[in-house]
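*Asks:* Structure in structure tokens, see below.
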Amino acid sequence: MTDKYNFHEIEKKWPSSAKATDDKQEYDFRVIEKKWQDIWQKNKYGQSADFDDKPKHYHLVEFPYPSGAGLHVGHLMGYGASDAYCRMKRLQGYNVMFPIGWDAFGLPTENYAIKNKIKPQKATADNIANFKKQIHSLGFSFDWKREINTTDPEYYHWTQWIFLQFYKHGIKNGKLIEVADDDYHTPRLAFRAEMPVNWCPSCKINLANEEVVDGKCERCGTETEKRMQKQWMLRITAYADRLVDDLETVDYLDKIKTQQINWIGRSTGTNVRFEVKGFSNTVHDEEIEFYTTRIDTFFGTTFVVVSPEHPILEKLGYHIQNYHEIKEYVEVAAKKTELERTELQKDKTGVKCYGVYAVNPINGEHIEIWVADYVLTSYGTGAVIGVPAHDQRDYEFAKKHHIPIKQVVSILNHKSEILDKAIVDYGILINSGEFDGLSSDEAKIKITEKLKSIGAGEFTTNYKLRDWIFSRQHYWGEPIPIVHCDPPTGGCGRVPLPDDQLPLELPVVDNYEPSDTGESPLAKITDWVVTTCPKCGGRAERETDTMPNWAGSSWYYLAYTLVKSLKSKVKSGSNIFTKHAKELEYWLDAGDAARSSKSGGGVDIYNGGMEHTTLHLLYSRFWHKFLYDIGVVPTLEPYAKRIAHGIILGPNGRKMSKSFGNVINPDEIVAEFGADTLRAYVMFIGPYDQESAWNMAGVQGVYRFLKRVWRNQELVKENVVDPTELLVKLNQTITGVTNDLENFQMNTVVSKLMEFNNLVEKIGSISTKSYEKFILLLSPVAPHIAEELYESVIHSDLTMQKWPEPDKKYLIFDKIEVVIQVNGKVRDKISVDSAISDEEMKKLGLGTEKIKKILAGNEIVKTIVVPKKLVNIVIK
RNA sequence: GCCGCGGUGGCGGAAUUGGUAUACGCGUACGACUCAAAAUCGUAUUCCCUCAAGGAAUGUGGGUUCGAUUCCCACCCGCGGCACCA
């Protein structure tokens with residue numbers, strides 16, 4: 001058995017006749033598609049105007065990273081559906097902006113450049129050229145006038161500008177304020193910190209927490225190491241509450257909202273402080289703070305645990321009798337990788353601190369203090385109270401180390417379903433002094449209030465979300481526009497570059513190799529690094545770290561509306577955002593309907609993959625909210641609606657990958673079957689938001705469908721009167737296709753078109769008028785063939801037409817079919833007048849031959865009539 | 001462990017304010033065209049039953065209902081997210 005997919009088997013099934021033929025009657029997609037792609041390009045189809053009488057629709061797809069591998073079929077899932085949607089919207093009379101650009105900074109390009117000794121700028125340009133060619137060959141109607149590239153200095157000028165805004169703003173008393181250059185106390189939103197960073201020894205890069213999965217580098221799978229390093233950070237945690245709460249104002253798939261909520265991981269609980277005492281009476285004024293979500297179990301505390309990194313240990317020092325042992329344990333813990341300390345560790349190791357104890361503030365009990373590495377420094381206060389009776393981990397720890405277990409909440413019998421669910425899950429307090437008899441929920445409030453009254457605790461909110469490590473030690477990213485002016489020359493400290501020195505361009509280099517020391521390749525370019533301080537004019541050095549590739553993509557949806565000014569200089573002291581406030585207001589406001597409801601506004605629809613929900617989507621929401629706070633964007637949220645598409649697996653049902661040999665190259669499918677077939681197939685492949693496996697036979701099926709559509713132009717007759725059956729189906733198809741497109745139910749869009757085409761074949765003719773509507777419905781998913789047929793049969797330009805509206809006349813029927821059931825089983829069907837009364841239905845239902853036969857000799861218990869639908873006769 | 005989503009023919013999948021289950025596509029079988037094949041067209045195709053009649057079936061077992069793929073309870077399986085998060 002091997003995972004390799006046998007490609008010869010697929011090839012055998014590909015038709016050898018799917019080649020251009022001399023016969024002009026044949027469906028020759030090669031000629032047709034080239035023709036229309038050129039026409040669309042020439043006519044600038046897809047280009048949108050800023051401001052228009054028409055209603056606007058801003059439709060965003062994730063801009064691609066221009067890799068060397070080119071466009072893959074996954075891109076088609078997103079771009080194909082969105083292109084179809086936009087084509088419909090244009091026909092419906094919308095001013096549609098459907099832009100595209102290049103998210104071109106990033107490690108693969110840098111690695112490629114190192115390996116092949118070419119400049120990343122050159123590699124990027126080459127890859128973009130290839131992507132453009134591919135996109136052109138698929139007939140996507142992007143607005144090329146708005147093309148952007150994150151690696152253009154004109155673009156990253158503003159990425160740097162936004163970074164400097166983060167640097168220049170901070171939080172004081174819970175409010176966002178401008179921070180003076182010499183203010184070293186107010187926490188800035190962009191700040192430097194000595195951080196334990198996730199170092200990937202293979203990529204030679206520090207990763208954000210979000211980029212570490214199971215202790216491994218998300219990109220290459222190498223186990224990461226913890227290192228201490230000075231890093232630029234963005235204070236995303238200051239926005240945690242709003243990032244959770246404002247999800248209520250946006251229309252995202254529920255699972256996306258859930259993922260973001262889980263990721264931010266907000267929990268409310270209680271902080272409680274214990275005084276620390278030593279048996280020798282020499283310990284004074286020391287305390288440990290704990291965080292718990294279960295303060296209702298507080299009286300069950302039989303021990304407390306601090307993390308190995310907790311500062312209290314050093315403070316207590318040799319007041320702890322076995323301090324040597326503790327230090328040893330701390331050292332061992334430090335050597336463990338993240339993986340060993342979390343995933344793999346089942347055994348709860350720990351050491352008791354002898355000679356010291358903690359005092360429970362609520363009842364004065366003396367509590368033993370332990371150090372254990374199952375407690376993490378990075379969450380809460382880095383210390384937990386141990387309540388073994390009501391926490392699985394505490395229980396395991398207590399069992400292993402023979403610590404007493406004390407039950408303080410009686411779990412109620414689960415059968416008493418009448419009780420409130422919260423009480424069933426928790427219980428009623430016992431052995432808890434004055435709090436006995438309270439429910440867990442009540443006790444949480446009362447106990448915290450009590451702690452507050454004695455100054456030992458209060459309610460607190462905690463988040464799993466950490467601040468965003470924003471530095472990368474790489475070449476191919478935006479330089480961080482900060483200068484370090486250190487003594488002896490000046491000593492101005494960190495100095496942001498003034499606006500007129502932006503953009504700070506990447507220097508041209510010969511060597512992009514990162515170093516093992518973790519320094520950026522830029523650090524080696526002395527000419528560039530050494531500069532003058534913008535403040536004092538003395539010698540200073542540039543920051544050599546660059547930004548992560550999430551930076552440029554955090555505001556690109558704004559850039560599309562600002563392209564006019566990306567190329568031209570903006571007056572010093574101003575910025576492109578305020579300069580183009582009108583454009584931003586026009587494109588980002590989600591429309592009147594949204595404005596009147598509780599909406600955060602933003603891009604009308606944002607379509608992309610599920611893999612970006614906790615990184616890109618969260619980061620860009622954070623940036624947007626910050627930009628809103630400093631008054632440069634008009635909406636609270638960047639994206640009013642977010643949808644996501646599933647991934648396409650290889651023909652063997654596994655993730656497409658070179659090593660499995662199951663990668664489908666869109667260029668090959670286009671060459672063999674054409675862009676329309678490929679696009680329609682990808683829409684037809686399965687439910688839009690689920691994963692689906694590629695299937696060559698399915699491609700064939702769609703190809704056959706288009707060939708039949710092509711052939712059926714012969715059935716179009718100018719003077720024929722369509723039978724009612726066809727008109728009914730046509731109008732049902734108009735309704736169905738419109739609804740399905742609106743809801744991104746792409747697979748049924750295609751099947752409904754197939755159904756209609758099948759009926760046309762069965763009837764053998766179709767009027768020009770009906771045919772025209774069908775072709776319009778087809779045009780979003782197969783635009784080239786639709787244009788060609790429209791031109792040759794209707795003699796007009798499809799893109800100038802209007803999207804068809806259903807004629808209600810054909811959706812209401814004279815005759816309807818009524819189902820007759822006996823005991824819930826279908827026994828007969830009758831065709832009746834649609835104005836039929838319930839009484840008549842009952843009479844007719846009881847009277848048919850078949851039913852009479854079944855009813856003979858049986859007693860009718862009752863008869864149920866569903867108006868205009870069915871009759872159910874219950875017998876015996 | 002917690003949270004979320006799903007399980008329908010030989011296969012991918014339609015259809016849920018409870019009312020004709022299996023649309024559409026693939027595959028398969030037979031037939032037409034052809035010297036022949038491919039392509040194309042026609043017919044059939046959930047299963048059981050020779051046909052008809054009939055019966056059974058939407059992961060499993062219960063329940064509510066005249067009627068359940070749809071609602072409720074329990075369970076099994078698969079997928080995704082979070083996870084020594086206190």
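Identifiers in this document derive from the order of the structure tokens: chains are assigned A, B, ..., residues are numbered from 1 separately in each chain, and ligands are numbered from 1 in order of occurrence.
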Tell me which protein, DNA and RNA residues are within 7 Å of region 68-70 of chain B, counting only C-alpha atoms (C1' of nucleotides), leaving out same-chain ones fewer than 3 positions away, and put them as a PyMOL selection string.

*Replies:* chain B and resi 8+16+18+58

*Asks:* May I have the residues within 12 Å of A44 (chain B) as number ranges by chain, using only C-alpha atoms (C1' of nucleotides) and disregarding those fewer than 5 positions away in the same chain?

*Replies:* B: 28-31

*Asks:* Write to file, as an mmCIF file, in the first residue's frame, the residues of the selection just made, with C-alpha atoms (C1' of nucleotides).

*Replies:*
```cif
data_model
loop_
_atom_site.group_PDB
_atom_site.id
_atom_site.type_symbol
_atom_site.label_atom_id
_atom_site.label_comp_id
_atom_site.auth_asym_id
_atom_site.auth_seq_id
_atom_site.Cartn_x
_atom_site.Cartn_y
_atom_site.Cartn_z
ATOM 1 C "C1'" U B 28 -23.098 0.394 -14.001
ATOM 2 C "C1'" A B 29 -26.364 -2.509 -17.449
ATOM 3 C "C1'" C B 30 -28.846 -2.940 -22.022
ATOM 4 C "C1'" G B 31 -29.910 -0.699 -26.705
#
```

*Asks:* Please list as a list in words every residue within 8 Å of G12 (chain B), counting only C-alpha atoms (C1' of nucleotides) and excluding residues in the same chain fewer than 6 positions away.

*Replies:*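 Here the answer would be Ile685 and Gly686 of chain A; G25 and C26 of chain B.
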
*Asks:* Keeping only all heavy atoms, write the selected residues to a file as a PDB file, in the first residue's frame.

*Replies:*
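This is the output file result.pdb:
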```pdb
ATOM      1  N   ILE A 685     -18.621  20.708  -7.121  1.00  0.00           N
ATOM      2  CA  ILE A 685     -17.892  19.606  -6.459  1.00  0.00           C
ATOM      3  C   ILE A 685     -18.527  19.146  -5.148  1.00  0.00           C
ATOM      4  O   ILE A 685     -18.453  17.983  -4.787  1.00  0.00           O
ATOM      5  CB  ILE A 685     -16.409  20.011  -6.236  1.00  0.00           C
ATOM      6  CG1 ILE A 685     -15.552  18.814  -5.844  1.00  0.00           C
ATOM      7  CG2 ILE A 685     -16.288  21.132  -5.205  1.00  0.00           C
ATOM      8  CD1 ILE A 685     -14.058  19.091  -5.924  1.00  0.00           C
ATOM      9  N   GLY A 686     -19.195  20.058  -4.437  1.00  0.00           N
ATOM     10  CA  GLY A 686     -19.819  19.653  -3.177  1.00  0.00           C
ATOM     11  C   GLY A 686     -20.298  20.884  -2.436  1.00  0.00           C
ATOM     12  O   GLY A 686     -20.204  21.990  -2.945  1.00  0.00           O
TER      13      GLY A 686
ATOM     14  P     G B  25     -27.971  15.142 -14.653  1.00  0.00           P
ATOM     15  OP1   G B  25     -27.855  15.601 -16.047  1.00  0.00           O
ATOM     16  OP2   G B  25     -28.796  13.959 -14.335  1.00  0.00           O
ATOM     17  O5'   G B  25     -26.518  14.871 -14.069  1.00  0.00           O
ATOM     18  C5'   G B  25     -25.470  15.810 -14.298  1.00  0.00           C
ATOM     19  C4'   G B  25     -24.266  15.441 -13.481  1.00  0.00           C
ATOM     20  O4'   G B  25     -24.615  15.397 -12.077  1.00  0.00           O
ATOM     21  C3'   G B  25     -23.692  14.053 -13.729  1.00  0.00           C
ATOM     22  O3'   G B  25     -22.932  13.983 -14.923  1.00  0.00           O
ATOM     23  C2'   G B  25     -22.845  13.881 -12.478  1.00  0.00           C
ATOM     24  O2'   G B  25     -21.681  14.681 -12.529  1.00  0.00           O
ATOM     25  C1'   G B  25     -23.789  14.456 -11.417  1.00  0.00           C
ATOM     26  N9    G B  25     -24.618  13.375 -10.860  1.00  0.00           N
ATOM     27  C8    G B  25     -25.931  13.084 -11.110  1.00  0.00           C
ATOM     28  N7    G B  25     -26.354  12.029 -10.455  1.00  0.00           N
ATOM     29  C5    G B  25     -25.239  11.596  -9.742  1.00  0.00           C
ATOM     30  C6    G B  25     -25.073  10.491  -8.863  1.00  0.00           C
ATOM     31  O6    G B  25     -25.891   9.643  -8.517  1.00  0.00           O
ATOM     32  N1    G B  25     -23.775  10.424  -8.368  1.00  0.00           N
ATOM     33  C2    G B  25     -22.765  11.301  -8.677  1.00  0.00           C
ATOM     34  N2    G B  25     -21.580  11.071  -8.112  1.00  0.00           N
ATOM     35  N3    G B  25     -22.904  12.331  -9.494  1.00  0.00           N
ATOM     36  C4    G B  25     -24.164  12.421  -9.985  1.00  0.00           C
ATOM     37  P     C B  26     -22.821  12.622 -15.703  1.00  0.00           P
ATOM     38  OP1   C B  26     -22.063  12.903 -16.933  1.00  0.00           O
ATOM     39  OP2   C B  26     -24.160  12.002 -15.782  1.00  0.00           O
ATOM     40  O5'   C B  26     -21.941  11.711 -14.724  1.00  0.00           O
ATOM     41  C5'   C B  26     -20.595  12.070 -14.461  1.00  0.00           C
ATOM     42  C4'   C B  26     -20.035  11.177 -13.385  1.00  0.00           C
ATOM     43  O4'   C B  26     -20.885  11.208 -12.209  1.00  0.00           O
ATOM     44  C3'   C B  26     -19.970   9.696 -13.713  1.00  0.00           C
ATOM     45  O3'   C B  26     -18.882   9.394 -14.568  1.00  0.00           O
ATOM     46  C2'   C B  26     -19.816   9.108 -12.327  1.00  0.00           C
ATOM     47  O2'   C B  26     -18.501   9.291 -11.841  1.00  0.00           O
ATOM     48  C1'   C B  26     -20.777   9.972 -11.523  1.00  0.00           C
ATOM     49  N1    C B  26     -22.114   9.344 -11.415  1.00  0.00           N
ATOM     50  C2    C B  26     -22.251   8.250 -10.551  1.00  0.00           C
ATOM     51  O2    C B  26     -21.256   7.859  -9.908  1.00  0.00           O
ATOM     52  N3    C B  26     -23.450   7.631 -10.432  1.00  0.00           N
ATOM     53  C4    C B  26     -24.486   8.084 -11.135  1.00  0.00           C
ATOM     54  N4    C B  26     -25.644   7.436 -10.990  1.00  0.00           N
ATOM     55  C5    C B  26     -24.378   9.193 -12.031  1.00  0.00           C
ATOM     56  C6    C B  26     -23.180   9.788 -12.137  1.00  0.00           C
TER      57        C B  26
END
```

*Asks:* At a cut-off of 9 Å, list the chain B residues touching chain A, using only C-alpha atoms (C1' of nucleotides), as a list in words.

*Replies:*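 Taken together, these residues fit the definition: C3, G4, C5, G12, G13, A14, G19, U20, A23, C24, G25, C26, A38, A39, C66, G67, G81, C82, C84, C85 and A86 of chain B.
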
*Asks:* Mind checking which residues fall within 12 Å of region 111-122 of chain A, counting only C-alpha atoms (C1' of nucleotides), ignoring those fewer than 3 positions away in the same chain, and posting them as a PyMOL selection string?

*Replies:* chain A and resi 66-69+104-108+125-129+149-153+202-204+474-477+506-514+521

*Asks:* State, in Å with one decimal place, the distance from CA of Cys485 (chain A) to CA of Leu497 (chain A).

*Replies:*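 Going from CA of Cys485 (chain A) over to CA of Leu497 (chain A) covers 11.6 Å.
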
*Asks:* Could you tell me how far CA of Asn198 (chain A) sits from CA of Cys217 (chain A), in Å to one decimal place?

*Replies:*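 Rounded to one decimal, the two atoms are 8.5 Å apart.
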
*Asks:* Quick one: residues within 12 Å of U46 (chain B), only C-alpha atoms (C1' of nucleotides), excluding same-chain residues fewer than 3 positions away - as JSON, numbers by chain?

*Replies:* {"B": [8, 9, 10, 21, 22, 56, 57, 58]}

*Asks:* Take the residues just selected and output them with N, CA, C and O atoms (P, O5', C5', C4', C3', O3' and C1' of nucleotides) as a PDB file, in the first residue's frame.

*Replies:*
```pdb
ATOM      1  P     U B   8     -24.141   9.051   4.948  1.00  0.00           P
ATOM      2  O5'   U B   8     -25.694   9.175   4.737  1.00  0.00           O
ATOM      3  C5'   U B   8     -26.563   8.159   5.215  1.00  0.00           C
ATOM      4  C4'   U B   8     -27.857   8.214   4.474  1.00  0.00           C
ATOM      5  C3'   U B   8     -27.776   7.803   3.010  1.00  0.00           C
ATOM      6  O3'   U B   8     -27.879   6.387   2.882  1.00  0.00           O
ATOM      7  C1'   U B   8     -29.019   9.815   3.206  1.00  0.00           C
ATOM      8  P     G B   9     -26.703   5.586   2.271  1.00  0.00           P
ATOM      9  O5'   G B   9     -27.020   5.793   0.718  1.00  0.00           O
ATOM     10  C5'   G B   9     -26.290   5.064  -0.202  1.00  0.00           C
ATOM     11  C4'   G B   9     -27.199   4.098  -0.905  1.00  0.00           C
ATOM     12  C3'   G B   9     -26.475   3.293  -1.978  1.00  0.00           C
ATOM     13  O3'   G B   9     -27.064   2.001  -2.050  1.00  0.00           O
ATOM     14  C1'   G B   9     -28.205   4.557  -2.960  1.00  0.00           C
ATOM     15  P     G B  10     -26.218   0.764  -1.685  1.00  0.00           P
ATOM     16  O5'   G B  10     -25.063   0.889  -2.770  1.00  0.00           O
ATOM     17  C5'   G B  10     -23.961  -0.023  -2.722  1.00  0.00           C
ATOM     18  C4'   G B  10     -22.832   0.508  -3.548  1.00  0.00           C
ATOM     19  C3'   G B  10     -22.546   1.997  -3.434  1.00  0.00           C
ATOM     20  O3'   G B  10     -21.853   2.316  -2.262  1.00  0.00           O
ATOM     21  C1'   G B  10     -22.453   1.354  -5.707  1.00  0.00           C
ATOM     22  P     A B  21     -42.494   9.809   0.495  1.00  0.00           P
ATOM     23  O5'   A B  21     -40.981  10.286   0.569  1.00  0.00           O
ATOM     24  C5'   A B  21     -40.133   9.977  -0.513  1.00  0.00           C
ATOM     25  C4'   A B  21     -38.959  10.908  -0.482  1.00  0.00           C
ATOM     26  C3'   A B  21     -37.932  10.611  -1.564  1.00  0.00           C
ATOM     27  O3'   A B  21     -38.261  11.333  -2.741  1.00  0.00           O
ATOM     28  C1'   A B  21     -36.864  10.784   0.552  1.00  0.00           C
ATOM     29  P     U B  22     -37.920  10.770  -4.171  1.00  0.00           P
ATOM     30  O5'   U B  22     -36.344  10.683  -4.157  1.00  0.00           O
ATOM     31  C5'   U B  22     -35.534  11.881  -4.139  1.00  0.00           C
ATOM     32  C4'   U B  22     -34.091  11.482  -4.014  1.00  0.00           C
ATOM     33  C3'   U B  22     -33.596  10.615  -5.157  1.00  0.00           C
ATOM     34  O3'   U B  22     -33.060  11.459  -6.159  1.00  0.00           O
ATOM     35  C1'   U B  22     -32.947   9.702  -3.034  1.00  0.00           C
ATOM     36  P     A B  56     -43.057  -1.991   5.751  1.00  0.00           P
ATOM     37  O5'   A B  56     -41.472  -1.983   5.611  1.00  0.00           O
ATOM     38  C5'   A B  56     -40.685  -2.927   6.347  1.00  0.00           C
ATOM     39  C4'   A B  56     -39.231  -2.802   5.958  1.00  0.00           C
ATOM     40  C3'   A B  56     -38.634  -1.404   6.080  1.00  0.00           C
ATOM     41  O3'   A B  56     -38.285  -1.078   7.415  1.00  0.00           O
ATOM     42  C1'   A B  56     -38.017  -2.331   4.005  1.00  0.00           C
ATOM     43  P     A B  57     -38.362   0.458   7.865  1.00  0.00           P
ATOM     44  O5'   A B  57     -37.123   1.121   7.111  1.00  0.00           O
ATOM     45  C5'   A B  57     -35.795   0.732   7.477  1.00  0.00           C
ATOM     46  C4'   A B  57     -34.812   1.271   6.481  1.00  0.00           C
ATOM     47  C3'   A B  57     -34.731   2.792   6.391  1.00  0.00           C
ATOM     48  O3'   A B  57     -33.966   3.333   7.445  1.00  0.00           O
ATOM     49  C1'   A B  57     -34.703   1.855   4.228  1.00  0.00           C
ATOM     50  P     U B  58     -34.204   4.842   7.878  1.00  0.00           P
ATOM     51  O5'   U B  58     -33.304   5.644   6.853  1.00  0.00           O
ATOM     52  C5'   U B  58     -31.939   5.277   6.640  1.00  0.00           C
ATOM     53  C4'   U B  58     -31.122   6.522   6.362  1.00  0.00           C
ATOM     54  C3'   U B  58     -30.996   7.462   7.561  1.00  0.00           C
ATOM     55  O3'   U B  58     -29.682   7.988   7.574  1.00  0.00           O
ATOM     56  C1'   U B  58     -31.913   8.623   5.733  1.00  0.00           C
TER      57        U B  58
END
```

*Asks:* Would you compute the distance between CA of Tyr606 (chain A) and CA of Lys145 (chain A)? Give it in Å to one decimal.

*Replies:*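 Value for the CA of Tyr606 (chain A)-CA of Lys145 (chain A) distance: 19.6 Å.
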
*Asks:* Using DSSP assignments from the backbone, pull out every residue in region 105-221 of chain A that falls under strand (DSSP E or B) and give it to me as number ranges by chain.

*Replies:* A: 148-149, 169-172, 175-178, 188, 190-200, 205-207, 212-213, 216-217

*Asks:* Using N, CA and C atoms, can you write the selected residues to a file as a PDB file, in the first residue's frame?

*Replies:*
```pdb
ATOM      1  N   ILE A 148      -2.893  45.920  -5.881  1.00  0.00           N
ATOM      2  CA  ILE A 148      -1.916  46.374  -4.894  1.00  0.00           C
ATOM      3  C   ILE A 148      -0.880  45.283  -4.628  1.00  0.00           C
ATOM      4  N   ASN A 149       0.217  45.680  -4.041  1.00  0.00           N
ATOM      5  CA  ASN A 149       1.295  44.747  -3.740  1.00  0.00           C
ATOM      6  C   ASN A 149       1.946  45.192  -2.424  1.00  0.00           C
ATOM      7  N   HIS A 169       0.654  55.605  20.278  1.00  0.00           N
ATOM      8  CA  HIS A 169      -0.539  55.581  21.114  1.00  0.00           C
ATOM      9  C   HIS A 169      -0.384  54.570  22.239  1.00  0.00           C
ATOM     10  N   GLY A 170      -1.080  54.852  23.309  1.00  0.00           N
ATOM     11  CA  GLY A 170      -1.007  53.956  24.457  1.00  0.00           C
ATOM     12  C   GLY A 170      -2.294  53.989  25.249  1.00  0.00           C
ATOM     13  N   ILE A 171      -2.308  53.178  26.293  1.00  0.00           N
ATOM     14  CA  ILE A 171      -3.518  53.079  27.106  1.00  0.00           C
ATOM     15  C   ILE A 171      -3.238  53.694  28.476  1.00  0.00           C
ATOM     16  N   LYS A 172      -4.047  54.673  28.818  1.00  0.00           N
ATOM     17  CA  LYS A 172      -3.926  55.266  30.146  1.00  0.00           C
ATOM     18  C   LYS A 172      -5.315  55.316  30.761  1.00  0.00           C
ATOM     19  N   LYS A 175      -8.036  54.268  28.603  1.00  0.00           N
ATOM     20  CA  LYS A 175      -8.359  55.044  27.405  1.00  0.00           C
ATOM     21  C   LYS A 175      -7.160  55.141  26.475  1.00  0.00           C
ATOM     22  N   LEU A 176      -7.477  55.233  25.182  1.00  0.00           N
ATOM     23  CA  LEU A 176      -6.418  55.379  24.191  1.00  0.00           C
ATOM     24  C   LEU A 176      -5.971  56.832  24.138  1.00  0.00           C
ATOM     25  N   ILE A 177      -4.671  57.039  24.312  1.00  0.00           N
ATOM     26  CA  ILE A 177      -4.168  58.417  24.254  1.00  0.00           C
ATOM     27  C   ILE A 177      -2.907  58.461  23.409  1.00  0.00           C
ATOM     28  N   GLU A 178      -2.551  59.664  22.955  1.00  0.00           N
ATOM     29  CA  GLU A 178      -1.256  59.834  22.302  1.00  0.00           C
ATOM     30  C   GLU A 178      -0.181  59.871  23.375  1.00  0.00           C
ATOM     31  N   ARG A 188       2.526  51.636  25.690  1.00  0.00           N
ATOM     32  CA  ARG A 188       2.244  51.891  24.283  1.00  0.00           C
ATOM     33  C   ARG A 188       1.627  50.660  23.637  1.00  0.00           C
ATOM     34  N   ALA A 190       2.471  49.634  20.612  1.00  0.00           N
ATOM     35  CA  ALA A 190       3.634  48.930  20.066  1.00  0.00           C
ATOM     36  C   ALA A 190       4.752  49.139  21.065  1.00  0.00           C
ATOM     37  N   PHE A 191       5.303  48.078  21.564  1.00  0.00           N
ATOM     38  CA  PHE A 191       6.297  48.209  22.625  1.00  0.00           C
ATOM     39  C   PHE A 191       7.334  47.107  22.503  1.00  0.00           C
ATOM     40  N   ARG A 192       8.436  47.316  23.193  1.00  0.00           N
ATOM     41  CA  ARG A 192       9.489  46.296  23.184  1.00  0.00           C
ATOM     42  C   ARG A 192       9.450  45.565  24.512  1.00  0.00           C
ATOM     43  N   ALA A 193       9.673  44.276  24.446  1.00  0.00           N
ATOM     44  CA  ALA A 193       9.689  43.513  25.687  1.00  0.00           C
ATOM     45  C   ALA A 193      10.647  42.345  25.561  1.00  0.00           C
ATOM     46  N   GLU A 194      11.290  42.059  26.661  1.00  0.00           N
ATOM     47  CA  GLU A 194      12.121  40.857  26.749  1.00  0.00           C
ATOM     48  C   GLU A 194      11.139  39.709  26.918  1.00  0.00           C
ATOM     49  N   MET A 195      11.054  38.911  25.867  1.00  0.00           N
ATOM     50  CA  MET A 195       9.987  37.910  25.877  1.00  0.00           C
ATOM     51  C   MET A 195      10.552  36.519  25.695  1.00  0.00           C
ATOM     52  N   PRO A 196       9.924  35.560  26.363  1.00  0.00           N
ATOM     53  CA  PRO A 196      10.244  34.196  25.956  1.00  0.00           C
ATOM     54  C   PRO A 196       9.601  34.012  24.589  1.00  0.00           C
ATOM     55  N   VAL A 197      10.419  33.886  23.560  1.00  0.00           N
ATOM     56  CA  VAL A 197       9.859  33.784  22.219  1.00  0.00           C
ATOM     57  C   VAL A 197       9.964  32.354  21.719  1.00  0.00           C
ATOM     58  N   ASN A 198       9.138  32.075  20.743  1.00  0.00           N
ATOM     59  CA  ASN A 198       9.156  30.745  20.140  1.00  0.00           C
ATOM     60  C   ASN A 198      10.125  30.773  18.981  1.00  0.00           C
ATOM     61  N   TRP A 199      11.255  30.153  19.184  1.00  0.00           N
ATOM     62  CA  TRP A 199      12.294  30.162  18.167  1.00  0.00           C
ATOM     63  C   TRP A 199      12.214  28.877  17.370  1.00  0.00           C
ATOM     64  N   CYS A 200      12.109  29.046  16.043  1.00  0.00           N
ATOM     65  CA  CYS A 200      12.131  27.860  15.197  1.00  0.00           C
ATOM     66  C   CYS A 200      13.548  27.700  14.670  1.00  0.00           C
ATOM     67  N   ILE A 205      13.678  31.818  12.937  1.00  0.00           N
ATOM     68  CA  ILE A 205      12.747  32.926  13.069  1.00  0.00           C
ATOM     69  C   ILE A 205      11.978  32.765  14.372  1.00  0.00           C
ATOM     70  N   ASN A 206      11.570  33.887  14.941  1.00  0.00           N
ATOM     71  CA  ASN A 206      10.699  33.848  16.107  1.00  0.00           C
ATOM     72  C   ASN A 206       9.258  33.852  15.642  1.00  0.00           C
ATOM     73  N   LEU A 207       8.485  32.979  16.220  1.00  0.00           N
ATOM     74  CA  LEU A 207       7.105  32.850  15.784  1.00  0.00           C
ATOM     75  C   LEU A 207       6.166  33.477  16.802  1.00  0.00           C
ATOM     76  N   VAL A 212       2.536  28.722  16.547  1.00  0.00           N
ATOM     77  CA  VAL A 212       3.065  27.504  17.144  1.00  0.00           C
ATOM     78  C   VAL A 212       1.895  26.562  17.405  1.00  0.00           C
ATOM     79  N   VAL A 213       1.926  25.416  16.762  1.00  0.00           N
ATOM     80  CA  VAL A 213       0.858  24.446  16.933  1.00  0.00           C
ATOM     81  C   VAL A 213       1.433  23.206  17.608  1.00  0.00           C
ATOM     82  N   LYS A 216       5.006  23.057  17.931  1.00  0.00           N
ATOM     83  CA  LYS A 216       5.802  22.964  16.707  1.00  0.00           C
ATOM     84  C   LYS A 216       5.535  24.142  15.788  1.00  0.00           C
ATOM     85  N   CYS A 217       6.528  24.440  14.963  1.00  0.00           N
ATOM     86  CA  CYS A 217       6.406  25.513  13.984  1.00  0.00           C
ATOM     87  C   CYS A 217       5.288  25.174  13.012  1.00  0.00           C
TER      88      CYS A 217
END
```

*Asks:* Which polymer residues have any atom within 7 Å of an atom of region 534-549 of chain A, counting only C-alpha atoms (C1' of nucleotides), with same-chain residues fewer than 4 positions away left out, as a VMD selection string?

*Replies:* chain A and resid 105 to 106 470 to 475 477 to 480 482 to 486 489 to 490 497 520 522 to 523 529 to 530

*Asks:* Could you write out, as a PyMOL selection string, all the residues of region 534-646 of chain A that DSSP marks as helix (DSSP H, G or I)?

*Replies:* chain A and resi 552-554+556-559+563-566+576-579+581-588+592-596+610-612+616-629
